[in-house]
Every structure is written in structure tokens, then in C-alpha cells.
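With mmCIF, C-alpha atoms inside, this is my_file-v5.cif:
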```
data_final
#
loop_
_atom_site.group_PDB
_atom_site.id
_atom_site.type_symbol
_atom_site.label_atom_id
_atom_site.label_comp_id
_atom_site.auth_asym_id
_atom_site.auth_seq_id
_atom_site.Cartn_x
_atom_site.Cartn_y
_atom_site.Cartn_z
ATOM 1 C CA MET V 1191 -28.848 42.423 -47.227
ATOM 2 C CA THR V 1192 -26.195 39.742 -47.602
ATOM 3 C CA VAL V 1193 -27.025 36.121 -46.786
ATOM 4 C CA SER V 1194 -24.004 34.098 -45.643
ATOM 5 C CA VAL V 1195 -23.868 30.321 -45.365
ATOM 6 C CA ARG V 1196 -21.115 28.059 -44.082
ATOM 7 C CA VAL V 1197 -21.317 24.360 -44.948
ATOM 8 C CA PRO V 1198 -18.892 21.622 -43.869
ATOM 9 C CA ALA V 1199 -17.348 18.889 -45.971
ATOM 10 C CA SER V 1200 -18.530 15.353 -45.359
ATOM 11 C CA SER V 1201 -17.288 11.791 -45.569
ATOM 12 C CA ALA V 1202 -20.045 9.338 -46.460
ATOM 13 C CA ASN V 1203 -20.495 5.574 -46.090
ATOM 14 C CA LEU V 1204 -17.740 5.233 -43.428
ATOM 15 C CA GLY V 1205 -17.153 1.763 -44.806
ATOM 16 C CA PRO V 1206 -20.336 -0.345 -44.700
ATOM 17 C CA GLY V 1207 -22.956 2.412 -44.349
ATOM 18 C CA PHE V 1208 -23.554 2.827 -48.079
ATOM 19 C CA ASP V 1209 -25.933 5.766 -48.762
ATOM 20 C CA ALA V 1210 -26.891 5.756 -45.060
ATOM 21 C CA LEU V 1211 -24.015 7.081 -42.912
ATOM 22 C CA GLY V 1212 -22.112 10.334 -43.166
ATOM 23 C CA MET V 1213 -19.854 12.497 -41.052
ATOM 24 C CA ALA V 1214 -19.351 16.271 -41.251
ATOM 25 C CA LEU V 1215 -15.703 17.327 -41.439
ATOM 26 C CA ALA V 1216 -14.125 20.684 -40.621
ATOM 27 C CA MET V 1217 -13.360 21.823 -44.162
ATOM 28 C CA TYR V 1218 -15.825 24.425 -45.361
ATOM 29 C CA LEU V 1219 -17.622 26.043 -48.254
ATOM 30 C CA GLU V 1220 -18.591 29.618 -47.383
ATOM 31 C CA VAL V 1221 -20.885 31.655 -49.624
ATOM 32 C CA ASP V 1222 -22.048 35.252 -49.357
ATOM 33 C CA ALA V 1223 -25.038 36.076 -51.566
ATOM 34 C CA GLU V 1224 -26.410 39.505 -52.359
ATOM 35 C CA VAL V 1225 -29.244 40.421 -54.736
ATOM 36 C CA SER V 1226 -27.766 42.361 -57.644
ATOM 37 C CA GLU V 1227 -28.734 43.669 -61.083
ATOM 38 C CA GLN V 1228 -26.205 41.338 -62.696
ATOM 39 C CA THR V 1229 -25.249 37.812 -61.648
ATOM 40 C CA SER V 1230 -21.576 37.310 -60.816
ATOM 41 C CA VAL V 1231 -19.427 34.807 -58.947
ATOM 42 C CA ALA V 1232 -16.084 35.503 -57.281
ATOM 43 C CA ALA V 1233 -14.328 32.475 -55.823
ATOM 44 C CA SER V 1234 -11.197 31.830 -53.785
ATOM 45 C CA GLY V 1235 -9.627 28.777 -52.178
ATOM 46 C CA ARG V 1236 -9.554 25.273 -53.648
ATOM 47 C CA ASP V 1237 -10.566 24.858 -57.285
ATOM 48 C CA ALA V 1238 -11.419 28.551 -57.474
ATOM 49 C CA GLN V 1239 -11.642 28.568 -61.262
ATOM 50 C CA LEU V 1240 -14.291 25.831 -61.295
ATOM 51 C CA CYS V 1241 -16.191 27.288 -58.342
ATOM 52 C CA GLY V 1242 -16.243 30.741 -59.907
ATOM 53 C CA ARG V 1243 -17.724 29.883 -63.309
ATOM 54 C CA LEU V 1244 -21.149 31.211 -64.286
ATOM 55 C CA GLU V 1245 -22.142 28.336 -66.559
ATOM 56 C CA HIS V 1246 -22.916 24.941 -65.024
ATOM 57 C CA ASN V 1247 -22.678 26.462 -61.561
ATOM 58 C CA LEU V 1248 -24.447 24.053 -59.214
ATOM 59 C CA ILE V 1249 -25.227 26.706 -56.612
ATOM 60 C CA LEU V 1250 -26.735 29.196 -59.066
ATOM 61 C CA GLU V 1251 -28.678 26.527 -60.948
ATOM 62 C CA THR V 1252 -30.101 25.028 -57.760
ATOM 63 C CA ILE V 1253 -31.164 28.407 -56.362
ATOM 64 C CA GLY V 1254 -32.898 29.252 -59.645
ATOM 65 C CA ASP V 1255 -34.674 25.889 -59.868
ATOM 66 C CA LEU V 1256 -35.963 26.115 -56.297
ATOM 67 C CA LEU V 1257 -37.191 29.697 -56.609
ATOM 68 C CA ARG V 1258 -38.990 29.020 -59.914
ATOM 69 C CA ALA V 1259 -40.581 25.850 -58.520
ATOM 70 C CA SER V 1260 -41.821 27.854 -55.535
ATOM 71 C CA GLY V 1261 -43.287 30.615 -57.706
ATOM 72 C CA ARG V 1262 -40.691 33.163 -56.644
ATOM 73 C CA PRO V 1263 -38.782 35.520 -58.954
ATOM 74 C CA VAL V 1264 -35.154 34.656 -59.656
ATOM 75 C CA PRO V 1265 -33.056 37.777 -59.052
ATOM 76 C CA GLY V 1266 -29.544 38.502 -60.174
ATOM 77 C CA LEU V 1267 -27.094 37.399 -57.503
ATOM 78 C CA LYS V 1268 -23.617 38.452 -56.527
ATOM 79 C CA LEU V 1269 -21.949 35.386 -54.995
ATOM 80 C CA THR V 1270 -18.648 35.424 -53.123
ATOM 81 C CA LEU V 1271 -17.304 31.922 -52.432
ATOM 82 C CA ARG V 1272 -14.478 30.713 -50.210
ATOM 83 C CA ASN V 1273 -13.969 26.990 -50.700
ATOM 84 C CA ASP V 1274 -11.759 24.591 -48.762
ATOM 85 C CA ILE V 1275 -13.403 21.337 -49.942
ATOM 86 C CA PRO V 1276 -11.561 19.485 -52.731
ATOM 87 C CA LEU V 1277 -13.797 18.852 -55.742
ATOM 88 C CA GLY V 1278 -14.324 15.329 -57.023
ATOM 89 C CA ARG V 1279 -12.392 13.696 -54.200
ATOM 90 C CA GLY V 1280 -15.145 12.079 -52.112
ATOM 91 C CA CYS V 1281 -15.341 14.856 -49.528
ATOM 92 C CA GLY V 1282 -18.899 15.990 -50.235
ATOM 93 C CA SER V 1283 -18.179 19.031 -52.405
ATOM 94 C CA SER V 1284 -21.409 18.696 -54.406
ATOM 95 C CA ALA V 1285 -23.397 18.017 -51.233
ATOM 96 C CA ALA V 1286 -21.984 21.191 -49.660
ATOM 97 C CA ALA V 1287 -22.918 23.186 -52.774
ATOM 98 C CA ILE V 1288 -26.457 21.784 -52.722
ATOM 99 C CA VAL V 1289 -26.917 22.491 -49.021
ATOM 100 C CA ALA V 1290 -25.573 26.029 -49.504
ATOM 101 C CA ALA V 1291 -27.917 26.622 -52.440
ATOM 102 C CA VAL V 1292 -31.012 25.346 -50.631
ATOM 103 C CA LEU V 1293 -30.248 27.463 -47.564
ATOM 104 C CA LEU V 1294 -29.699 30.532 -49.743
ATOM 105 C CA ALA V 1295 -32.888 29.953 -51.739
ATOM 106 C CA ASN V 1296 -34.828 29.537 -48.508
ATOM 107 C CA GLN V 1297 -33.647 32.961 -47.319
ATOM 108 C CA ILE V 1298 -33.695 34.852 -50.608
ATOM 109 C CA GLY V 1299 -37.126 33.533 -51.562
ATOM 110 C CA GLY V 1300 -38.605 33.760 -48.065
ATOM 111 C CA LEU V 1301 -39.689 30.126 -48.356
ATOM 112 C CA GLY V 1302 -39.869 29.517 -44.607
ATOM 113 C CA TRP V 1303 -38.720 25.922 -44.799
ATOM 114 C CA ASN V 1304 -37.991 24.152 -41.517
ATOM 115 C CA GLU V 1305 -35.157 21.668 -40.962
ATOM 116 C CA ALA V 1306 -37.240 18.670 -42.070
ATOM 117 C CA ARG V 1307 -38.179 20.366 -45.354
ATOM 118 C CA LEU V 1308 -34.589 21.476 -45.924
ATOM 119 C CA LEU V 1309 -33.403 17.910 -45.404
ATOM 120 C CA ARG V 1310 -36.030 16.613 -47.800
ATOM 121 C CA GLU V 1311 -35.036 19.108 -50.508
ATOM 122 C CA VAL V 1312 -31.282 18.556 -50.294
ATOM 123 C CA THR V 1313 -31.834 14.777 -50.398
ATOM 124 C CA ARG V 1314 -34.177 15.047 -53.390
ATOM 125 C CA ILE V 1315 -31.570 17.014 -55.310
ATOM 126 C CA GLU V 1316 -28.596 14.846 -54.296
ATOM 127 C CA GLY V 1317 -30.525 11.581 -54.708
ATOM 128 C CA HIS V 1318 -29.380 10.043 -51.415
ATOM 129 C CA PRO V 1319 -29.123 11.468 -47.902
ATOM 130 C CA ASP V 1320 -25.715 10.465 -46.527
ATOM 131 C CA ASN V 1321 -23.524 13.467 -47.446
ATOM 132 C CA VAL V 1322 -26.216 16.145 -47.438
ATOM 133 C CA ALA V 1323 -27.654 15.056 -44.077
ATOM 134 C CA ALA V 1324 -24.223 15.235 -42.473
ATOM 135 C CA ALA V 1325 -23.441 18.603 -44.072
ATOM 136 C CA LEU V 1326 -26.787 20.070 -43.003
ATOM 137 C CA LEU V 1327 -27.008 18.621 -39.497
ATOM 138 C CA GLY V 1328 -23.365 18.123 -38.530
ATOM 139 C CA GLY V 1329 -21.765 15.329 -36.533
ATOM 140 C CA VAL V 1330 -22.165 11.703 -37.548
ATOM 141 C CA VAL V 1331 -25.581 11.127 -39.126
ATOM 142 C CA ALA V 1332 -27.527 7.972 -39.885
ATOM 143 C CA SER V 1333 -30.322 8.623 -42.361
ATOM 144 C CA ALA V 1334 -32.993 6.829 -44.384
ATOM 145 C CA MET V 1335 -35.298 7.890 -47.215
ATOM 146 C CA GLN V 1336 -38.980 7.117 -46.929
ATOM 147 C CA VAL V 1337 -41.321 6.278 -49.799
ATOM 148 C CA ASP V 1338 -43.033 9.684 -49.583
ATOM 149 C CA GLY V 1339 -39.718 11.512 -49.977
ATOM 150 C CA GLU V 1340 -39.335 12.420 -46.321
ATOM 151 C CA VAL V 1341 -35.978 11.687 -44.687
ATOM 152 C CA ALA V 1342 -35.459 10.309 -41.200
ATOM 153 C CA ALA V 1343 -32.091 11.241 -39.717
ATOM 154 C CA VAL V 1344 -30.433 10.940 -36.342
ATOM 155 C CA LYS V 1345 -27.244 12.669 -35.241
ATOM 156 C CA ILE V 1346 -24.632 10.682 -33.313
ATOM 157 C CA ALA V 1347 -21.819 12.298 -31.349
ATOM 158 C CA ALA V 1348 -18.357 11.059 -32.309
ATOM 159 C CA PRO V 1349 -15.961 10.309 -29.431
ATOM 160 C CA ALA V 1350 -14.023 13.480 -28.656
ATOM 161 C CA ASP V 1351 -10.706 11.678 -28.352
ATOM 162 C CA TRP V 1352 -10.657 10.168 -31.853
ATOM 163 C CA GLN V 1353 -8.601 11.899 -34.520
ATOM 164 C CA PHE V 1354 -9.450 11.968 -38.222
ATOM 165 C CA LEU V 1355 -7.203 12.148 -41.265
ATOM 166 C CA VAL V 1356 -8.370 12.577 -44.842
ATOM 167 C CA ALA V 1357 -5.840 11.376 -47.416
ATOM 168 C CA ILE V 1358 -6.575 13.219 -50.672
ATOM 169 C CA PRO V 1359 -4.959 12.008 -53.910
ATOM 170 C CA GLY V 1360 -4.023 14.295 -56.762
ATOM 171 C CA SER V 1361 -6.559 12.825 -59.193
ATOM 172 C CA SER V 1362 -10.339 13.115 -58.983
ATOM 173 C CA LEU V 1363 -13.165 10.625 -59.534
ATOM 174 C CA SER V 1364 -16.695 11.601 -60.491
ATOM 175 C CA THR V 1365 -19.519 10.223 -58.376
ATOM 176 C CA ALA V 1366 -21.327 9.094 -61.537
ATOM 177 C CA LYS V 1367 -18.322 7.052 -62.641
ATOM 178 C CA ALA V 1368 -17.867 5.606 -59.152
ATOM 179 C CA ARG V 1369 -21.535 4.565 -59.006
ATOM 180 C CA GLY V 1370 -21.238 2.973 -62.417
ATOM 181 C CA MET V 1371 -18.692 0.547 -61.007
ATOM 182 C CA LEU V 1372 -21.192 -1.020 -58.616
ATOM 183 C CA PRO V 1373 -23.160 -4.201 -59.335
ATOM 184 C CA ALA V 1374 -26.932 -4.173 -59.766
ATOM 185 C CA GLU V 1375 -27.412 -6.922 -57.167
ATOM 186 C CA TYR V 1376 -25.625 -8.308 -54.109
ATOM 187 C CA SER V 1377 -25.532 -11.739 -52.550
ATOM 188 C CA LYS V 1378 -27.332 -12.490 -49.311
ATOM 189 C CA ALA V 1379 -23.952 -13.119 -47.665
ATOM 190 C CA ASP V 1380 -22.641 -9.684 -48.676
ATOM 191 C CA ALA V 1381 -25.848 -7.971 -47.530
ATOM 192 C CA ILE V 1382 -25.616 -9.650 -44.111
ATOM 193 C CA PHE V 1383 -21.912 -8.766 -43.909
ATOM 194 C CA ASN V 1384 -22.688 -5.062 -44.377
ATOM 195 C CA VAL V 1385 -25.754 -4.982 -42.141
ATOM 196 C CA GLN V 1386 -23.745 -6.500 -39.290
ATOM 197 C CA ARG V 1387 -20.878 -4.056 -39.679
ATOM 198 C CA SER V 1388 -23.117 -1.013 -40.105
ATOM 199 C CA ALA V 1389 -24.857 -1.860 -36.843
ATOM 200 C CA LEU V 1390 -21.515 -2.464 -35.157
ATOM 201 C CA LEU V 1391 -20.130 0.813 -36.485
ATOM 202 C CA ILE V 1392 -22.981 2.862 -35.011
ATOM 203 C CA GLY V 1393 -22.530 1.029 -31.713
ATOM 204 C CA ALA V 1394 -18.783 1.669 -31.788
ATOM 205 C CA PHE V 1395 -19.322 5.409 -32.282
ATOM 206 C CA ALA V 1396 -21.988 5.558 -29.574
ATOM 207 C CA ALA V 1397 -19.886 3.643 -27.042
ATOM 208 C CA GLY V 1398 -16.510 5.075 -28.031
ATOM 209 C CA ARG V 1399 -15.202 1.602 -28.866
ATOM 210 C CA GLY V 1400 -12.300 2.368 -31.133
ATOM 211 C CA ASP V 1401 -11.131 -1.228 -30.829
ATOM 212 C CA LEU V 1402 -14.134 -2.257 -32.963
ATOM 213 C CA LEU V 1403 -13.519 0.068 -35.907
ATOM 214 C CA ARG V 1404 -11.129 -2.194 -37.816
ATOM 215 C CA LEU V 1405 -13.938 -4.737 -38.108
ATOM 216 C CA ALA V 1406 -16.852 -2.302 -38.183
ATOM 217 C CA MET V 1407 -15.507 -0.258 -41.132
ATOM 218 C CA GLN V 1408 -15.170 -3.261 -43.442
ATOM 219 C CA ASP V 1409 -17.375 -3.279 -46.527
ATOM 220 C CA ARG V 1410 -18.470 -5.501 -49.422
ATOM 221 C CA MET V 1411 -20.946 -3.204 -51.183
ATOM 222 C CA HIS V 1412 -18.814 -0.512 -52.757
ATOM 223 C CA GLN V 1413 -15.153 -0.510 -51.724
ATOM 224 C CA PRO V 1414 -14.101 -3.751 -53.496
ATOM 225 C CA TYR V 1415 -15.664 -2.548 -56.759
ATOM 226 C CA ARG V 1416 -14.016 0.876 -56.584
ATOM 227 C CA MET V 1417 -10.583 -0.361 -55.551
ATOM 228 C CA GLU V 1418 -9.119 -0.234 -59.060
ATOM 229 C CA ALA V 1419 -10.155 3.405 -59.518
ATOM 230 C CA CYS V 1420 -9.096 4.265 -55.955
ATOM 231 C CA PRO V 1421 -5.568 2.841 -55.552
ATOM 232 C CA LEU V 1422 -5.019 4.884 -52.402
ATOM 233 C CA LEU V 1423 -7.576 2.727 -50.585
ATOM 234 C CA LYS V 1424 -5.687 -0.451 -51.438
ATOM 235 C CA ALA V 1425 -2.452 1.195 -50.263
ATOM 236 C CA LEU V 1426 -3.832 2.407 -46.922
ATOM 237 C CA LEU V 1427 -6.211 -0.393 -45.861
ATOM 238 C CA PRO V 1428 -3.330 -2.414 -44.331
ATOM 239 C CA LEU V 1429 -2.820 0.425 -41.822
ATOM 240 C CA SER V 1430 -6.193 -0.344 -40.205
ATOM 241 C CA GLY V 1431 -5.833 -1.761 -36.705
ATOM 242 C CA VAL V 1432 -2.064 -1.144 -36.625
ATOM 243 C CA ASN V 1433 -0.085 1.303 -34.457
ATOM 244 C CA GLY V 1434 -2.948 3.552 -33.403
ATOM 245 C CA VAL V 1435 -4.935 3.558 -36.646
ATOM 246 C CA LEU V 1436 -8.391 2.418 -35.553
ATOM 247 C CA GLY V 1437 -10.048 2.148 -38.942
ATOM 248 C CA VAL V 1438 -9.686 2.977 -42.637
ATOM 249 C CA ALA V 1439 -12.388 3.467 -45.265
ATOM 250 C CA LEU V 1440 -12.998 5.095 -48.604
ATOM 251 C CA SER V 1441 -14.315 8.624 -48.139
ATOM 252 C CA GLY V 1442 -17.631 8.740 -49.956
ATOM 253 C CA ALA V 1443 -17.250 7.422 -53.477
ATOM 254 C CA GLY V 1444 -13.503 8.064 -53.331
ATOM 255 C CA PRO V 1445 -10.779 8.454 -54.236
ATOM 256 C CA SER V 1446 -9.916 10.042 -50.855
ATOM 257 C CA VAL V 1447 -9.488 7.812 -47.822
ATOM 258 C CA LEU V 1448 -10.624 8.438 -44.239
ATOM 259 C CA LEU V 1449 -8.420 7.241 -41.359
ATOM 260 C CA VAL V 1450 -9.511 7.219 -37.720
ATOM 261 C CA LEU V 1451 -6.765 7.428 -35.072
ATOM 262 C CA ASP V 1452 -6.805 7.002 -31.313
ATOM 263 C CA LYS V 1453 -5.968 9.961 -29.096
ATOM 264 C CA LYS V 1454 -2.430 8.817 -28.277
ATOM 265 C CA THR V 1455 -1.278 8.425 -31.856
ATOM 266 C CA ASP V 1456 0.888 11.084 -33.460
ATOM 267 C CA PRO V 1457 -0.924 12.020 -36.701
ATOM 268 C CA GLU V 1458 2.342 13.114 -38.312
ATOM 269 C CA GLU V 1459 3.707 9.602 -37.892
ATOM 270 C CA VAL V 1460 0.616 8.158 -39.606
ATOM 271 C CA ILE V 1461 0.872 10.761 -42.359
ATOM 272 C CA ALA V 1462 4.469 9.691 -42.954
ATOM 273 C CA ARG V 1463 3.384 6.045 -43.176
ATOM 274 C CA ALA V 1464 0.603 6.961 -45.583
ATOM 275 C CA ARG V 1465 3.034 8.800 -47.837
ATOM 276 C CA LEU V 1466 5.383 5.822 -47.865
ATOM 277 C CA ARG V 1467 2.590 3.475 -48.916
ATOM 278 C CA SER V 1468 1.160 5.836 -51.520
ATOM 279 C CA GLU V 1469 2.738 6.234 -54.944
ATOM 280 C CA ASP V 1470 0.990 9.572 -55.470
ATOM 281 C CA PRO V 1471 3.444 12.515 -55.397
ATOM 282 C CA GLU V 1472 0.471 14.904 -55.080
ATOM 283 C CA LEU V 1473 -0.996 13.178 -52.015
ATOM 284 C CA GLU V 1474 -2.334 15.603 -49.399
ATOM 285 C CA VAL V 1475 -3.224 14.416 -45.914
ATOM 286 C CA VAL V 1476 -5.399 16.697 -43.782
ATOM 287 C CA LEU V 1477 -5.878 16.400 -40.026
ATOM 288 C CA THR V 1478 -9.461 17.399 -39.266
ATOM 289 C CA HIS V 1479 -12.297 16.884 -36.793
ATOM 290 C CA VAL V 1480 -16.035 16.264 -36.779
ATOM 291 C CA ALA V 1481 -17.834 19.504 -37.582
ATOM 292 C CA GLU V 1482 -21.069 21.175 -36.635
ATOM 293 C CA GLY V 1483 -23.704 21.487 -39.316
ATOM 294 C CA ALA V 1484 -24.387 24.249 -41.835
ATOM 295 C CA SER V 1485 -25.058 27.762 -40.547
ATOM 296 C CA VAL V 1486 -26.841 30.812 -41.971
ATOM 297 C CA SER V 1487 -26.344 34.457 -41.033
ATOM 298 C CA LEU V 1488 -27.664 37.790 -42.324
ATOM 299 C CA LYS V 1489 -25.575 40.932 -42.652
#
```
Could you quickly redo this structure as C-alpha cells?
Amino acid sequence: MTVSVRVPASSANLGPGFDALGMALAMYLEVDAEVSEQTSVAASGRDAQLCGRLEHNLILETIGDLLRASGRPVPGLKLTLRNDIPLGRGCGSSAAAIVAAVLLANQIGGLGWNEARLLREVTRIEGHPDNVAAALLGGVVASAMQVDGEVAAVKIAAPADWQFLVAIPGSSLSTAKARGMLPAEYSKADAIFNVQRSALLIGAFAAGRGDLLRLAMQDRMHQPYRMEACPLLKALLPLSGVNGVLGVALSGAGPSVLLVLDKKTDPEEVIARARLRSEDPELEVVLTHVAEGASVSLK
């Protein structure tokens, strides 16, 4: 039997929703897993060399940890990966790997975990729910961790007529480094600023109010502190609210940038503007859409 999983990329925070908001995007990690006498990994697509290594492989390590913790044997596995999510660019590559691993362990070990338990496990491993909740559930997801480890999450439908661009620079940025740039405390004024805009952002998505995104995607908790390490954000923020660009925000911890466009705007024209403003010769801009959540199939 081969267990196949398909997990979308994700863009977290969406501006002010630090560690709370995430959106699944139609770039995918696909993994086929088959029990085998010898463990092997064959990878294709983006960053295939990194995805295909046996040592420090997040998927293999996570599957093994979960099976051992559940009292199940850890078999040899033959993994075949097809990856379209850029690594280290703020598009939820590690979250996708974690979600894939938990779904595979659930099937291979016969753990019988329901959606709530799956969400709890992926959040425990990732440390925060924004990316993993979006990758698991799909759509736009607001989530919160509870003191007992459970995770409350609600899926919000994004307006069908909005378009999404992900501007991906040539250089990467580790999540650990990006988190190290943040202050230990925030002022009351900055906290209120983000609470107001997070609430407005959810309302804008729910009501399809693209005219509110320029304001609603503003942030004081993480973007200002990561600006130096994410020069693309500084270059593209002035596009927000201009000529069909509804909003601009750092994608996750960066350095990629998410742009939301209205339905009448030509994405190629915005891509051309983004290239003019960026000084990165390796800049890639991907037109994508909000994705459904992770899926599992048996062959």
C-alpha cells in the first residue's frame, strides 16, 4: 500500500495577524510513502537536493518521533516527493512538511487521529498554529492555542474575485533568525494597532471589502523589525492601495511578499511594477489562489 498526501503552501500573519492568521496557497508538497526494507527518499521539483536528503529530513524524523511516541514500530520507508514550495522563503515549507509527516504517521501507524488531534499535533511540533492550520484545513484560517494544547481554528472563505501574487526573492531567511529579530515586549499602542487591524482584516475577508486591505494589512509587531532582512517588503509596500493592488504584507516570516489584487487588475502589469521596484535579479513572482487543505489517499 502507498499512502499519498498533498499539502498546500501557506502565507501566515497576513500583516497584523501574527501567529494567528494564515492562508493556504496553491503551491504543493506531494509525498508518496511506502513501507520498505530500506529507507530512501527521491525528490523532484524545487530544492530537490535538500528535500531528498536522508539526514535531517523533517518528514522522516517527524514520522519516526510520532510512531515511537505512540508505541508503534518505525518501519523503513520509501518516500517519493514532488515539491513546489520554495524553502526558507516564508511560504510555509516546514509547515507543509510537518503536516505531511503527521498525516503519513497517522496512516502508517493506524493512529486513528481525527482532525482536532491532527491540528493539535502539527501545532505542537511547529510551535504556533498559523501556517500548519492553513495547510491542514485550507482557505483562510484564524487560530488560537489553548492552555491545554488544544487549538481552536475557524476557516474563512476568501473572496473569489481577489487575485494573489507571491513575490519570492532569490535569498532565503530562516524562521529562527526572523523570530530573533523581534522584541520581547510591545507597547500598548502597538498592541492596540494590531488588534484593530487584525479584526478589520477578518471583517474585510468576510465581507469582500478589498478597499479595506491597505489599512487592514498594516502591522507593527513583526514587519518593521524584519524590514532590514526583507528588503523586498520595503520595495513593494508602496504598491499597496495603488492601481489595483489592494494590500501588501510579508509572507510569513519573509522574505517573500504577498500582494492582493482586485479582479480587474492585470497581474502581469503588477509583476512588471514589482520587478522595477526590486533590485533582486532572481526575483520570482507567482500568480496563485487560495487552496483547499491537505488531502490523503491510499493506492
Original post:
So which one's closest to Val1341 in chain V, V:Gln1386, V:Thr1192, V:Thr1313, V:Thr1252? Using only C-alpha atoms, please.
Top reply: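 Closest to Val1341 in chain V, using only C-alpha atoms: V:Thr1313.
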**OP:** Can you pull out every residue within 10 Å of range 1279-1284 of chain V, counting only C-alpha atoms, but drop anything in the same chain fewer than 5 positions away, and send it as a ChimeraX atom specification?
**Re:** /V:1197-1202,1212-1215,1217-1219,1248-1249,1273-1274,1289-1290,1316,1320-1322,1324-1325,1356-1365,1368,1440-1448
**OP:** Step by step, work through what the PyMOL selection byres ((chain V and resi 1205) around 7) selects in the shown file, and finish by giving those residues as a list of chain:residue names.
**Re:**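 For this structure, the PyMOL selection byres ((chain V and resi 1205) around 7) resolves to V:Asn1203, V:Leu1204, V:Pro1206, V:Gly1207, V:Met1407, V:Gln1408, V:Asp1409, V:Ala1439, V:Leu1440.
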**OP:** Counting all atoms listed in the file, figure out which residue out of V:Leu1271, V:Leu1451, V:Ala1343, V:Leu1256 gets nearest to Arg1399 in chain V.
**Re:**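 Checking each candidate against Arg1399 in chain V, we get V:Leu1451 as the closest.
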**OP:** Name the closest residue to Val1312 in chain V among the candidates V:Ala1216, V:Leu1473, V:Val1292, V:Ala1287; distances are taken between atoms, counting all atoms listed in the file.
**Re:**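 Of the candidates, the smallest distance to Val1312 in chain V is held by V:Val1292.
With distances taken over all atoms listed in the file, V:Gly1299 is the one residue among V:Gly1299, V:Gly1437, V:Gly1235, V:Pro1428 lying closest to Gly1261 in chain V.
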**OP:** I need the residue set behind the PyMOL selection byres ((chain V and resi 1390) around 10) for this file; please write it as an MDAnalysis selection string.
**Re:** chainID V and resid 1206 1384:1389 1391:1396 1399 1402:1403 1405:1407
Original post:
Mind pulling up the distance from CA of Met1335 in chain V to CA of Arg1410 in chain V?
Top reply: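 We find that CA of Arg1410 in chain V and CA of Met1335 in chain V lie 21.6 Å from each other.
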Original post:
Which distance in Å separates CA of Met1417 in chain V and CA of Met1371 in chain V, to one decimal?
Top reply: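 These two atoms are separated by 9.8 Å.
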Original post:
Using only C-alpha atoms, which of the listed residues (V:Ile1298, V:Leu1211, V:Met1411, V:Val1331) sits closest to Leu1488 in chain V?
Top reply: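 The answer is V:Ile1298, which sits nearest to Leu1488 in chain V.
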**OP:** Could you expand the PyMOL selection byres ((chain V and resi 1485) around 9) into the explicit residues it covers here, written as a PyMOL selection string?
**Re:** chain V and resi 1194-1197+1293+1326+1482-1484+1486-1487
**OP:** Identify, on the basis of all atoms listed in the file, every residue whose closest approach to Arg1258 in chain V does not exceed 12 Å; exclude the query and any residue fewer than 6 positions from it along the same chain; express the result as a ChimeraX atom specification.
**Re:** /V:1251-1252,1264-1265,1295,1299,1301
**OP:** Measure the distance from CA of Gly1278 in chain V to CA of Lys1424 in chain V in Å and round it to one decimal.
**Re:** 18.8 Å
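Between Ala1332 in chain V and the residues V:Leu1269, V:Leu1477, V:Val1344, V:Ala1233, the shortest atom-to-atom distance, using all atoms listed in the file, involves V:Val1344.
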